[in-house]
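Peer 1: Following this message is one structure expressed as structure tokens.
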Amino acid sequence: MEVARSNYIKENKALFKKLQQRLSGKYGYASVLVSDGRQQSYSVSAGGVSVSDFNRFGKRGFVVRVHDGKAYAEYAGNEISEEAIEEIEKNIESRLLDMGDKWERYLTPVACEEEANFVKSTEYRIHPEEMGDEKILAKLSEIREKTKALDERLIDCMASLQYQYYNKLFLSDKKDIEENVLWTCGGLVVVAAKGQELKDAYKGFSILGGAELLDEMEEYGPKIVKNCIDLLDSEPMIPGEYECICTPEVTGMIVHEAFGHGVEMDMFVKDRALAKNCMGDMIASELVTMRDGASSATEVASFFFDDEGTLAHDTLVIDKGRLVSGYADAVSAARLGVEPTGNGRRESVERKTYTRMTNTFFEGGKDKVEDMIASVKYGMLLQDPTSGMEDPKNWGIQCMVSMAREIKDGKLTGRIFSPCVLTGYVPDLLKSISMMSETVELGGSGACGKGHKEWVKVSDGGPWIKAKIRLG
Amino acid sequence: MFEKIQKLLKAENIENWRLTETVSETAELYFIRKKLDIPRIKKLTQYSVTVFRDFEEGGKKFRGESTALLSPGMSDEEIVSHLKTAYLAASFVRNPWYELPDAVKEDRKKSVSDLAGKDIEETAAELAKAMFEADTAEDAFINSAEIFVTRRYTHIAASNGLDVSFDSDVIDGELVSQCVTPIDVEQYRSFSYDSLDREAIKQKVSEAVTDVRARAQASEPPKAGDYDIILTGENLEVLFELYAARSNASMVFPGYSQWKAGDKVQGEDIEGEKLNVYLEPLDPYSPEGIPMKERCLMKDGELKLIYGSTRMCRYLGIEPTGNFEKIRCVNGSVPLSGMRKAGVLELVSFSDFQMDEFDGHFKGEIRLGLLYGEDGTAQVLTGGSVNGSLLELQKKLTFSTERCEDRNYSGPMAVLIPGVAVAGK
């Protein structure tokens, strides 16, 4: 089934078109992005049951962008009517552009646009709204109870589900395009105590689709409980550099946090990314090929056009170890004189567009996971990433994982270290990659911030990799 | 719209509800160096309705709830559809029954900030001007900055007669400082003010420039080992999150935290300072409409309060206090100069300093560290990481007499923590 169009957008399209055309007649460029949709979150835990609109990505509203001959300016709101059009025009002229005129502007050409006119939708098997709140909560409760019953040492198990369907309309002189997208994510967290210290294990699930995801969640209970119970006997990490095997989730964190933010090209404009000076250079092992794009994979960050109306791309970023491209929003691309890649994204219409990743991953290799573990003389198997922070300027790594399993003479010893901080210099880590598994997995249960804010849905992943990493 | 939603709730026979209207307007300025990248203005109105539904199963009373977001301009049919969906959802939320917050009816509380009544665009421009007045050096400067000035009106009403409203004005944003030689590096700083504090932003820029200049001299990570470390500024706010989280009813009720008022949560034989911590609200009412006031969280290392939102507090049989956004700590016994002894590692900045309230560990990758030598000089370092358990180290904390004042933190400028594991070369 295809995700349905928004009635709000259908009913108000003529008004938004009128607004765009009036502004376009006045300024060198004008576009309107309209957003609608719904998002719902469910959780069942020892703290109780919760159902609510989680209010982050998909607010109803619009953002108007104009180019006043020097650069762009934006006005965002959520009230539209014939009278509101007049007020918006007045606010743009007398307040917004007046605020801009007090400063020397960063001169920016109008971004090139291709013509497009379409309505496209993603597909789903079970729409969460059709399944209904009662059945969703019943299924989550069942998953929770079954998982919690697996070990009496567990304090809690939390089962959660979120979904969002969003509808976007982008209007400019050359574009009249509409997209309707549904993604669903789930999470399973189990918690056990070791004195005052709580140990938790988490598994995220994601799909560009609907409530069919719940079936996948049910199967994962025993694995996550084992991870959590294993953590009860963990030791503090012994700082040092180790040969490491990374699960696809940890690979994804390295791809996204350690490297991926560094080739967001709005950082090139600000002179905040070391990668700007490394185009064409070997920055990774020859085994590494990396892609990003809304059309590179079918995951939660797949869409048909970005928040500036640029159509979805599939960007080759690293080709057999060589850095060949970054990714760019339309404004940064215009400033740098390159083509935009469909990476101009906003947290919601309330926020500015930045260059943001979409589905970002390393392609697979030729190795078997068991051979990779067997090849380690002394090292760690890193799993369960918790967070990471980018450093485009200096390519420093900060990634956290909750578990490192010791490997000695090619075998897991059962000794576990937790928590662990991965540090070092990104190209050193990428160049040290010596093995990659055939299997590739992507996940998009979380959200990505730009610095400390601006959350958008992304997916990341890749194969299992073997690399040298400094742990602390 | 506010009245219309209330009428429709009544027409749908929804007995218990809470409705919040938020009207906000923000002026935003984004700079690349001293040039304006993009100006933005946004004006948004939003309505959030929480509906409660009571039911009984097997002789047990339940009170379910669900929240719907409504937008201005929605038709009656659309609003009713959202309300019905939320009310139906609430019937599947099998949470034990509890008493909703008491009804409070008070006049609108006006913003007491000096930002009240001023154009938000003008305030943004004045703050930017002050910021650039402090950005005068050639070698180290502001690379980019973002400024947000928001004026917000919040109105909360509930079916039991609760009716409160207030205005707030806030400035927040971030800046990135850069130093090009000998190594091209940057440092991130965020800021948040409820008044137009020109001197505070100038001080912020000055610190950012000083730190990034020092960072540009650093190329080596520390040697791996255990160090006595100093944490400063906003990282202390992060550290205190452990105490705020573990005393929150949302961690106590599910059994994640065993803490209770009267516990000596720092332990028995405290070698360092005994903690004295207060929680302060930033708004006059919680999102549930609970009137907020300052509360003592810890006195001489002893926990004085379990706090939180209504449902969790009612389940625990304690007074609902609402949640707090600011921590105030009154500790401080040693001047910073007295902490900076040979062998001590001062960790000035991190990529992202984090406190995990579950496992009690603080951790982060070191962006700038100062390792003090015998002669009082400091070796600048970068890279490596710190990872320590505050649950184990909390008996040995020493705080500076110098203070740090921010919108979300008021307390000592620095803390000295002995014997922390540092990963490095």
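In the structure tokens, each chain is lettered A, B, ... as it comes, each chain's residues begin at 1, and ligands are numbered from 1 in order of appearance.
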Quick one: everything within 12 Å of Ile416 (chain A), counting only C-alpha atoms, minus sequence neighbours fewer than 3 positions away in the same chain. Send it as an MDAnalysis selection string.
Peer 2: chainID A and resid 227:238 379:383 402:407 412:413 419:420
Peer 1: Could those residues be written to a file, using N, CA and C atoms, as a compact mmCIF listing (two decimals), in the first residue's frame?
Peer 2:
# COMPACT_ATOMS: atom_id res chain seq x y z
N ASN A 227 23.22 -10.04 26.46
CA ASN A 227 24.17 -8.91 26.48
C ASN A 227 24.11 -8.18 27.81
N CYS A 228 22.91 -7.94 28.31
CA CYS A 228 22.75 -7.19 29.55
C CYS A 228 23.31 -7.98 30.74
N ILE A 229 23.00 -9.25 30.80
CA ILE A 229 23.48 -10.07 31.93
C ILE A 229 25.00 -10.19 31.86
N ASP A 230 25.54 -10.33 30.65
CA ASP A 230 27.00 -10.37 30.50
C ASP A 230 27.66 -9.10 31.06
N LEU A 231 26.96 -7.97 30.89
CA LEU A 231 27.54 -6.69 31.35
C LEU A 231 27.68 -6.63 32.87
N LEU A 232 26.91 -7.46 33.58
CA LEU A 232 26.99 -7.44 35.05
C LEU A 232 28.39 -7.85 35.52
N ASP A 233 29.08 -8.63 34.71
CA ASP A 233 30.43 -9.06 35.09
C ASP A 233 31.51 -8.27 34.35
N SER A 234 31.15 -7.11 33.82
CA SER A 234 32.13 -6.34 33.04
C SER A 234 33.14 -5.64 33.94
N GLU A 235 34.29 -5.33 33.34
CA GLU A 235 35.37 -4.62 34.04
C GLU A 235 35.58 -3.28 33.36
N PRO A 236 36.21 -2.32 34.08
CA PRO A 236 36.55 -1.06 33.41
C PRO A 236 37.54 -1.32 32.28
N MET A 237 37.42 -0.55 31.21
CA MET A 237 38.30 -0.72 30.06
C MET A 237 39.75 -0.42 30.44
N ILE A 238 40.67 -1.24 29.95
CA ILE A 238 42.10 -0.96 30.14
C ILE A 238 42.54 -0.14 28.93
N GLY A 379 42.62 -8.80 21.04
CA GLY A 379 41.84 -7.61 20.70
C GLY A 379 40.45 -7.65 21.30
N MET A 380 39.58 -6.86 20.71
CA MET A 380 38.23 -6.69 21.26
C MET A 380 37.17 -6.79 20.17
N LEU A 381 36.05 -7.35 20.53
CA LEU A 381 34.87 -7.30 19.68
C LEU A 381 33.99 -6.17 20.23
N LEU A 382 33.82 -5.11 19.44
CA LEU A 382 33.06 -3.94 19.91
C LEU A 382 31.61 -4.05 19.45
N GLN A 383 30.69 -3.87 20.40
CA GLN A 383 29.27 -3.94 20.04
C GLN A 383 28.45 -2.94 20.86
N SER A 402 28.93 0.31 24.52
CA SER A 402 28.71 -0.15 25.88
C SER A 402 29.42 -1.46 26.16
N MET A 403 29.96 -2.13 25.14
CA MET A 403 30.56 -3.43 25.41
C MET A 403 31.73 -3.76 24.50
N ALA A 404 32.85 -4.20 25.11
CA ALA A 404 33.98 -4.75 24.35
C ALA A 404 34.21 -6.16 24.88
N ARG A 405 34.12 -7.14 24.00
CA ARG A 405 34.36 -8.54 24.40
C ARG A 405 35.80 -8.89 24.03
N GLU A 406 36.54 -9.43 24.98
CA GLU A 406 37.96 -9.76 24.74
C GLU A 406 38.09 -10.93 23.76
N ILE A 407 39.06 -10.78 22.84
CA ILE A 407 39.40 -11.88 21.91
C ILE A 407 40.87 -12.23 22.14
N LEU A 412 36.73 -15.68 21.52
CA LEU A 412 36.17 -14.83 22.57
C LEU A 412 36.42 -15.51 23.92
N THR A 413 36.97 -14.75 24.87
CA THR A 413 37.35 -15.36 26.16
C THR A 413 36.21 -15.31 27.17
N PRO A 419 32.06 0.79 30.30
CA PRO A 419 31.83 1.23 28.93
C PRO A 419 33.16 1.54 28.25
N CYS A 420 33.17 1.81 26.97
CA CYS A 420 34.41 2.09 26.24
C CYS A 420 34.26 3.35 25.39
Peer 1: Can you list, as a VMD selection string, all residues belonging to region 170-408 of chain B that DSSP tags as strand (DSSP E or B)?
Peer 2: chain B and resid 170 to 179 185 to 193 225 to 232 248 277 to 280 285 291 295 to 299 302 to 303 307 326 to 329 334 345 to 350 354 to 355 361 to 372 378 to 381 385 to 389 398 to 400 403 to 405
Peer 1: The selected residues should be written to file as an mmCIF file, in the first residue's frame (atoms: C-alpha atoms).
Peer 2:
data_model
loop_
_atom_site.group_PDB
_atom_site.id
_atom_site.type_symbol
_atom_site.label_atom_id
_atom_site.label_comp_id
_atom_site.auth_asym_id
_atom_site.auth_seq_id
_atom_site.Cartn_x
_atom_site.Cartn_y
_atom_site.Cartn_z
ATOM 1 C CA VAL B 170 15.194 33.821 26.085
ATOM 2 C CA ILE B 171 18.338 34.236 24.034
ATOM 3 C CA ASP B 172 20.344 31.209 23.096
ATOM 4 C CA GLY B 173 22.821 30.150 20.511
ATOM 5 C CA GLU B 174 26.248 28.823 19.805
ATOM 6 C CA LEU B 175 29.571 29.963 18.475
ATOM 7 C CA VAL B 176 32.586 28.214 17.015
ATOM 8 C CA SER B 177 35.984 29.812 17.548
ATOM 9 C CA GLN B 178 38.929 29.082 15.261
ATOM 10 C CA CYS B 179 42.689 29.489 15.477
ATOM 11 C CA VAL B 185 41.617 24.045 15.158
ATOM 12 C CA GLU B 186 38.201 25.052 16.494
ATOM 13 C CA GLN B 187 36.224 25.068 19.743
ATOM 14 C CA TYR B 188 32.460 24.965 20.277
ATOM 15 C CA ARG B 189 30.573 27.049 22.871
ATOM 16 C CA SER B 190 26.847 27.363 23.533
ATOM 17 C CA PHE B 191 25.110 30.131 25.463
ATOM 18 C CA SER B 192 21.709 30.837 26.949
ATOM 19 C CA TYR B 193 20.546 34.042 28.666
ATOM 20 C CA GLY B 225 47.257 6.413 33.187
ATOM 21 C CA ASP B 226 45.414 7.617 36.267
ATOM 22 C CA TYR B 227 45.366 11.378 36.871
ATOM 23 C CA ASP B 228 43.942 13.868 39.313
ATOM 24 C CA ILE B 229 41.728 15.819 36.929
ATOM 25 C CA ILE B 230 40.058 19.231 36.999
ATOM 26 C CA LEU B 231 36.743 19.672 35.174
ATOM 27 C CA THR B 232 35.462 23.186 34.552
ATOM 28 C CA ASN B 248 13.846 11.878 39.939
ATOM 29 C CA VAL B 277 22.764 21.152 45.734
ATOM 30 C CA TYR B 278 19.522 22.968 44.882
ATOM 31 C CA LEU B 279 17.108 22.614 41.982
ATOM 32 C CA GLU B 280 15.749 25.780 40.384
ATOM 33 C CA TYR B 285 4.841 26.574 36.217
ATOM 34 C CA PRO B 291 3.649 26.204 40.579
ATOM 35 C CA ARG B 295 14.016 22.985 46.210
ATOM 36 C CA CYS B 296 16.954 21.651 48.187
ATOM 37 C CA LEU B 297 18.146 18.401 46.603
ATOM 38 C CA MET B 298 21.185 17.591 48.779
ATOM 39 C CA LYS B 299 22.425 18.960 52.076
ATOM 40 C CA GLU B 302 22.450 13.714 52.212
ATOM 41 C CA LEU B 303 19.554 13.467 49.753
ATOM 42 C CA TYR B 307 10.978 15.041 42.866
ATOM 43 C CA LYS B 326 18.669 24.512 36.585
ATOM 44 C CA ILE B 327 21.094 23.168 39.171
ATOM 45 C CA ARG B 328 22.669 25.364 41.848
ATOM 46 C CA CYS B 329 25.555 24.063 43.899
ATOM 47 C CA VAL B 334 39.809 25.818 47.243
ATOM 48 C CA LEU B 345 45.399 17.368 34.330
ATOM 49 C CA GLU B 346 42.869 20.155 33.717
ATOM 50 C CA LEU B 347 40.381 19.074 31.055
ATOM 51 C CA VAL B 348 39.236 22.334 29.515
ATOM 52 C CA SER B 349 37.078 20.971 26.711
ATOM 53 C CA PHE B 350 35.795 17.748 25.206
ATOM 54 C CA GLN B 354 28.669 12.939 28.939
ATOM 55 C CA MET B 355 27.318 11.635 32.229
ATOM 56 C CA HIS B 361 30.276 6.964 34.380
ATOM 57 C CA PHE B 362 31.402 10.352 33.043
ATOM 58 C CA LYS B 363 33.336 10.212 29.805
ATOM 59 C CA GLY B 364 34.497 12.144 26.777
ATOM 60 C CA GLU B 365 37.221 12.657 24.195
ATOM 61 C CA ILE B 366 39.665 15.357 25.243
ATOM 62 C CA ARG B 367 39.832 18.390 22.943
ATOM 63 C CA LEU B 368 42.013 20.497 25.225
ATOM 64 C CA GLY B 369 43.885 19.455 28.350
ATOM 65 C CA LEU B 370 46.472 21.256 30.464
ATOM 66 C CA LEU B 371 48.981 19.094 32.334
ATOM 67 C CA TYR B 372 50.592 21.146 35.087
ATOM 68 C CA ALA B 378 51.200 23.754 31.706
ATOM 69 C CA GLN B 379 51.730 21.390 28.798
ATOM 70 C CA VAL B 380 48.844 21.647 26.314
ATOM 71 C CA LEU B 381 47.419 18.307 25.199
ATOM 72 C CA SER B 385 39.727 10.213 26.577
ATOM 73 C CA VAL B 386 38.594 10.220 30.175
ATOM 74 C CA ASN B 387 36.302 7.601 31.712
ATOM 75 C CA GLY B 388 35.468 7.577 35.424
ATOM 76 C CA SER B 389 32.757 6.321 37.746
ATOM 77 C CA THR B 398 36.936 19.270 45.837
ATOM 78 C CA PHE B 399 35.256 22.363 44.421
ATOM 79 C CA SER B 400 36.675 25.773 43.527
ATOM 80 C CA ARG B 403 31.883 30.489 40.548
ATOM 81 C CA CYS B 404 30.253 29.937 37.189
ATOM 82 C CA GLU B 405 26.854 31.458 36.381
#
Peer 1: What's the 10 Å shell around Ala245 (chain B), counting only C-alpha atoms, without same-chain residues fewer than 2 positions away, as a count of residues only?
Peer 2: 17
Peer 1: Specify as an MDAnalysis selection string all residues of chain A found within 7 Å of chain B, counting only C-alpha atoms.
Peer 2: chainID A and resid 46:53 60 72:79 96 99:100 103:106 133:134 155 197:199 239:240 270 350 389 393:394 398 421 423:424 471:472
Peer 1: Could you tell me how far CA of Ala193 (chain A) sits from CA of Pro320 (chain B), in Å to one decimal place?
Peer 2: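 Separation between CA of Pro320 (chain B) and CA of Ala193 (chain A): 26.8 Å.
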Peer 1: Using only C-alpha atoms, which of B:Leu236, B:Ala157, B:Ile120, B:Val104 sits nearest Gln6 (chain B)?
Peer 2: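 Looking only at the distances to Gln6 (chain B), the closest residue turns out to be B:Ala157.
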Peer 1: If we count only C-alpha atoms and set the cut-off at 6 Å, which residues sit around Thr289 (chain A), ignoring sequence neighbours fewer than 6 positions away in its own chain? Please answer as a PyMOL selection string.
Peer 2: chain A and resi 318-320+362-363
Peer 1: Which residues are near Asp139 (chain B)? Cut-off 10 Å, only C-alpha atoms, ignore same chain within fewer than 5 positions. Put them as a PDB file with N, CA, C and O atoms, in the first residue's frame.
Peer 2:
ATOM      1  N   GLN B 178      37.911  29.735  16.079  1.00  0.00           N
ATOM      2  CA  GLN B 178      38.929  29.082  15.261  1.00  0.00           C
ATOM      3  C   GLN B 178      40.279  29.758  15.451  1.00  0.00           C
ATOM      4  O   GLN B 178      40.346  30.982  15.590  1.00  0.00           O
ATOM      5  N   CYS B 179      41.327  28.956  15.486  1.00  0.00           N
ATOM      6  CA  CYS B 179      42.689  29.489  15.477  1.00  0.00           C
ATOM      7  C   CYS B 179      43.427  28.731  14.371  1.00  0.00           C
ATOM      8  O   CYS B 179      43.378  27.498  14.322  1.00  0.00           O
ATOM      9  N   VAL B 180      44.082  29.470  13.480  1.00  0.00           N
ATOM     10  CA  VAL B 180      44.598  28.841  12.268  1.00  0.00           C
ATOM     11  C   VAL B 180      46.008  28.275  12.439  1.00  0.00           C
ATOM     12  O   VAL B 180      46.355  27.258  11.834  1.00  0.00           O
ATOM     13  N   THR B 181      46.838  28.897  13.270  1.00  0.00           N
ATOM     14  CA  THR B 181      48.223  28.429  13.418  1.00  0.00           C
ATOM     15  C   THR B 181      48.564  28.211  14.894  1.00  0.00           C
ATOM     16  O   THR B 181      48.014  28.892  15.755  1.00  0.00           O
ATOM     17  N   PRO B 182      49.533  27.343  15.207  1.00  0.00           N
ATOM     18  CA  PRO B 182      50.286  26.488  14.285  1.00  0.00           C
ATOM     19  C   PRO B 182      49.452  25.323  13.736  1.00  0.00           C
ATOM     20  O   PRO B 182      49.782  24.756  12.698  1.00  0.00           O
ATOM     21  N   VAL B 209      38.085  32.294  22.487  1.00  0.00           N
ATOM     22  CA  VAL B 209      39.293  32.659  21.733  1.00  0.00           C
ATOM     23  C   VAL B 209      40.549  32.207  22.486  1.00  0.00           C
ATOM     24  O   VAL B 209      41.480  31.648  21.897  1.00  0.00           O
ATOM     25  N   VAL B 212      40.800  28.334  22.225  1.00  0.00           N
ATOM     26  CA  VAL B 212      41.135  27.800  20.898  1.00  0.00           C
ATOM     27  C   VAL B 212      42.597  28.113  20.563  1.00  0.00           C
ATOM     28  O   VAL B 212      43.271  27.332  19.875  1.00  0.00           O
ATOM     29  N   ARG B 213      43.083  29.236  21.084  1.00  0.00           N
ATOM     30  CA  ARG B 213      44.509  29.585  20.885  1.00  0.00           C
ATOM     31  C   ARG B 213      45.383  28.539  21.578  1.00  0.00           C
ATOM     32  O   ARG B 213      46.375  28.075  21.023  1.00  0.00           O
TER      33      ARG B 213
END
Peer 1: For region 304-316 of chain A, work out the shell of residues within 6 Å, counting only C-alpha atoms and skipping chain neighbours fewer than 5 positions away, then give it as an NGL selection string.
Peer 2: :A and (170 or 291-296 or 341-342 or 344-345)
Peer 1: What does the structure give for the distance between CA of Glu145 (chain A) and CA of Glu219 (chain A), in Å to one decimal?
Peer 2: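 That distance, rounded to one decimal, is 13.2 Å.
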Peer 1: Expressed in Å to a single decimal, how great is the separation between CA of Gly161 (chain B) and CA of Trp17 (chain B)?
Peer 2: 10.4 Å
Peer 1: Can you pull out every residue within 7 Å of region 259-265 of chain A, counting only C-alpha atoms, but drop anything in the same chain fewer than 3 positions away, and send it as a PDB file with N, CA, C and O atoms, in the first residue's frame?
Peer 2:
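File written: part-v4.pdb
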ATOM      1  N   ILE A 254      30.921   4.601  13.242  1.00  0.00           N
ATOM      2  CA  ILE A 254      32.194   5.126  12.733  1.00  0.00           C
ATOM      3  C   ILE A 254      31.965   5.832  11.393  1.00  0.00           C
ATOM      4  O   ILE A 254      32.457   6.942  11.164  1.00  0.00           O
ATOM      5  N   VAL A 255      31.176   5.191  10.506  1.00  0.00           N
ATOM      6  CA  VAL A 255      30.877   5.788   9.188  1.00  0.00           C
ATOM      7  C   VAL A 255      30.228   7.152   9.389  1.00  0.00           C
ATOM      8  O   VAL A 255      30.620   8.146   8.781  1.00  0.00           O
ATOM      9  N   HIS A 256      29.227   7.185  10.249  1.00  0.00           N
ATOM     10  CA  HIS A 256      28.396   8.384  10.380  1.00  0.00           C
ATOM     11  C   HIS A 256      29.077   9.464  11.235  1.00  0.00           C
ATOM     12  O   HIS A 256      29.279  10.590  10.780  1.00  0.00           O
ATOM     13  N   PHE A 268      32.432  22.826   4.586  1.00  0.00           N
ATOM     14  CA  PHE A 268      33.471  23.301   3.655  1.00  0.00           C
ATOM     15  C   PHE A 268      33.339  24.822   3.491  1.00  0.00           C
ATOM     16  O   PHE A 268      34.331  25.543   3.461  1.00  0.00           O
ATOM     17  N   VAL A 269      32.084  25.280   3.379  1.00  0.00           N
ATOM     18  CA  VAL A 269      31.845  26.724   3.200  1.00  0.00           C
ATOM     19  C   VAL A 269      32.407  27.500   4.388  1.00  0.00           C
ATOM     20  O   VAL A 269      32.995  28.574   4.230  1.00  0.00           O
ATOM     21  N   ALA A 273      36.015  21.932   7.834  1.00  0.00           N
ATOM     22  CA  ALA A 273      36.195  20.495   7.579  1.00  0.00           C
ATOM     23  C   ALA A 273      37.535  20.221   6.912  1.00  0.00           C
ATOM     24  O   ALA A 273      37.867  20.803   5.880  1.00  0.00           O
ATOM     25  N   ALA A 275      38.318  17.585   5.427  1.00  0.00           N
ATOM     26  CA  ALA A 275      38.111  16.820   4.189  1.00  0.00           C
ATOM     27  C   ALA A 275      38.185  17.700   2.947  1.00  0.00           C
ATOM     28  O   ALA A 275      38.495  17.212   1.854  1.00  0.00           O
ATOM     29  N   GLY A 326      31.928  14.950  -1.425  1.00  0.00           N
ATOM     30  CA  GLY A 326      31.159  15.183  -0.214  1.00  0.00           C
ATOM     31  C   GLY A 326      29.691  15.193  -0.611  1.00  0.00           C
ATOM     32  O   GLY A 326      29.335  14.787  -1.714  1.00  0.00           O
ATOM     33  N   TYR A 327      28.843  15.635   0.303  1.00  0.00           N
ATOM     34  CA  TYR A 327      27.442  15.835  -0.036  1.00  0.00           C
ATOM     35  C   TYR A 327      27.039  17.237   0.413  1.00  0.00           C
ATOM     36  O   TYR A 327      27.589  17.767   1.380  1.00  0.00           O
ATOM     37  N   ALA A 328      26.069  17.831  -0.358  1.00  0.00           N
ATOM     38  CA  ALA A 328      25.796  19.255  -0.140  1.00  0.00           C
ATOM     39  C   ALA A 328      24.319  19.583  -0.208  1.00  0.00           C
ATOM     40  O   ALA A 328      23.575  19.013  -1.008  1.00  0.00           O
ATOM     41  N   SER A 332      24.808  25.565   0.009  1.00  0.00           N
ATOM     42  CA  SER A 332      26.255  25.327   0.080  1.00  0.00           C
ATOM     43  C   SER A 332      26.793  24.971  -1.299  1.00  0.00           C
ATOM     44  O   SER A 332      27.881  25.411  -1.686  1.00  0.00           O
ATOM     45  N   THR A 355      23.454  20.898   5.603  1.00  0.00           N
ATOM     46  CA  THR A 355      23.811  19.660   4.918  1.00  0.00           C
ATOM     47  C   THR A 355      23.718  18.535   5.934  1.00  0.00           C
ATOM     48  O   THR A 355      24.352  18.600   6.995  1.00  0.00           O
ATOM     49  N   ARG A 356      22.906  17.536   5.635  1.00  0.00           N
ATOM     50  CA  ARG A 356      22.716  16.422   6.568  1.00  0.00           C
ATOM     51  C   ARG A 356      22.847  15.098   5.827  1.00  0.00           C
ATOM     52  O   ARG A 356      22.524  14.999   4.654  1.00  0.00           O
ATOM     53  N   GLU A 390      30.823  14.340  16.289  1.00  0.00           N
ATOM     54  CA  GLU A 390      31.662  14.626  15.130  1.00  0.00           C
ATOM     55  C   GLU A 390      32.778  15.619  15.439  1.00  0.00           C
ATOM     56  O   GLU A 390      32.683  16.394  16.381  1.00  0.00           O
ATOM     57  N   ASP A 391      33.810  15.608  14.604  1.00  0.00           N
ATOM     58  CA  ASP A 391      34.898  16.584  14.676  1.00  0.00           C
ATOM     59  C   ASP A 391      35.428  16.806  13.262  1.00  0.00           C
ATOM     60  O   ASP A 391      36.529  16.378  12.937  1.00  0.00           O
ATOM     61  N   PRO A 392      34.616  17.442  12.394  1.00  0.00           N
ATOM     62  CA  PRO A 392      35.023  17.595  10.998  1.00  0.00           C
ATOM     63  C   PRO A 392      36.340  18.352  10.837  1.00  0.00           C
ATOM     64  O   PRO A 392      37.099  18.101   9.918  1.00  0.00           O
ATOM     65  N   VAL A 426      40.627   9.902  12.522  1.00  0.00           N
ATOM     66  CA  VAL A 426      39.745   9.147  11.620  1.00  0.00           C
ATOM     67  C   VAL A 426      40.497   8.441  10.487  1.00  0.00           C
ATOM     68  O   VAL A 426      40.334   7.231  10.292  1.00  0.00           O
TER      69      VAL A 426
END
Peer 1: I'd like to know which of B:Lys341, B:Arg198, B:Lys109, B:Lys118 is closest to Asp167 (chain B), using only C-alpha atoms.
Peer 2: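 Comparing B:Lys341, B:Arg198, B:Lys109, B:Lys118 against Asp167 (chain B), the winner is B:Lys109.
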Peer 1: If you run DSSP on this backbone, which residues of region 173-378 of chain B come out as helix (DSSP H, G or I), and could you give them as JSON, numbers by chain?
Peer 2: {"B": [198, 199, 200, 201, 202, 203, 204, 205, 206, 207, 208, 209, 210, 211, 212, 213, 214, 215, 234, 235, 236, 237, 238, 239, 241, 242, 243, 244, 245, 246, 249, 250, 251, 252, 310, 311, 312, 313, 314, 315, 316, 336, 337, 338, 339]}
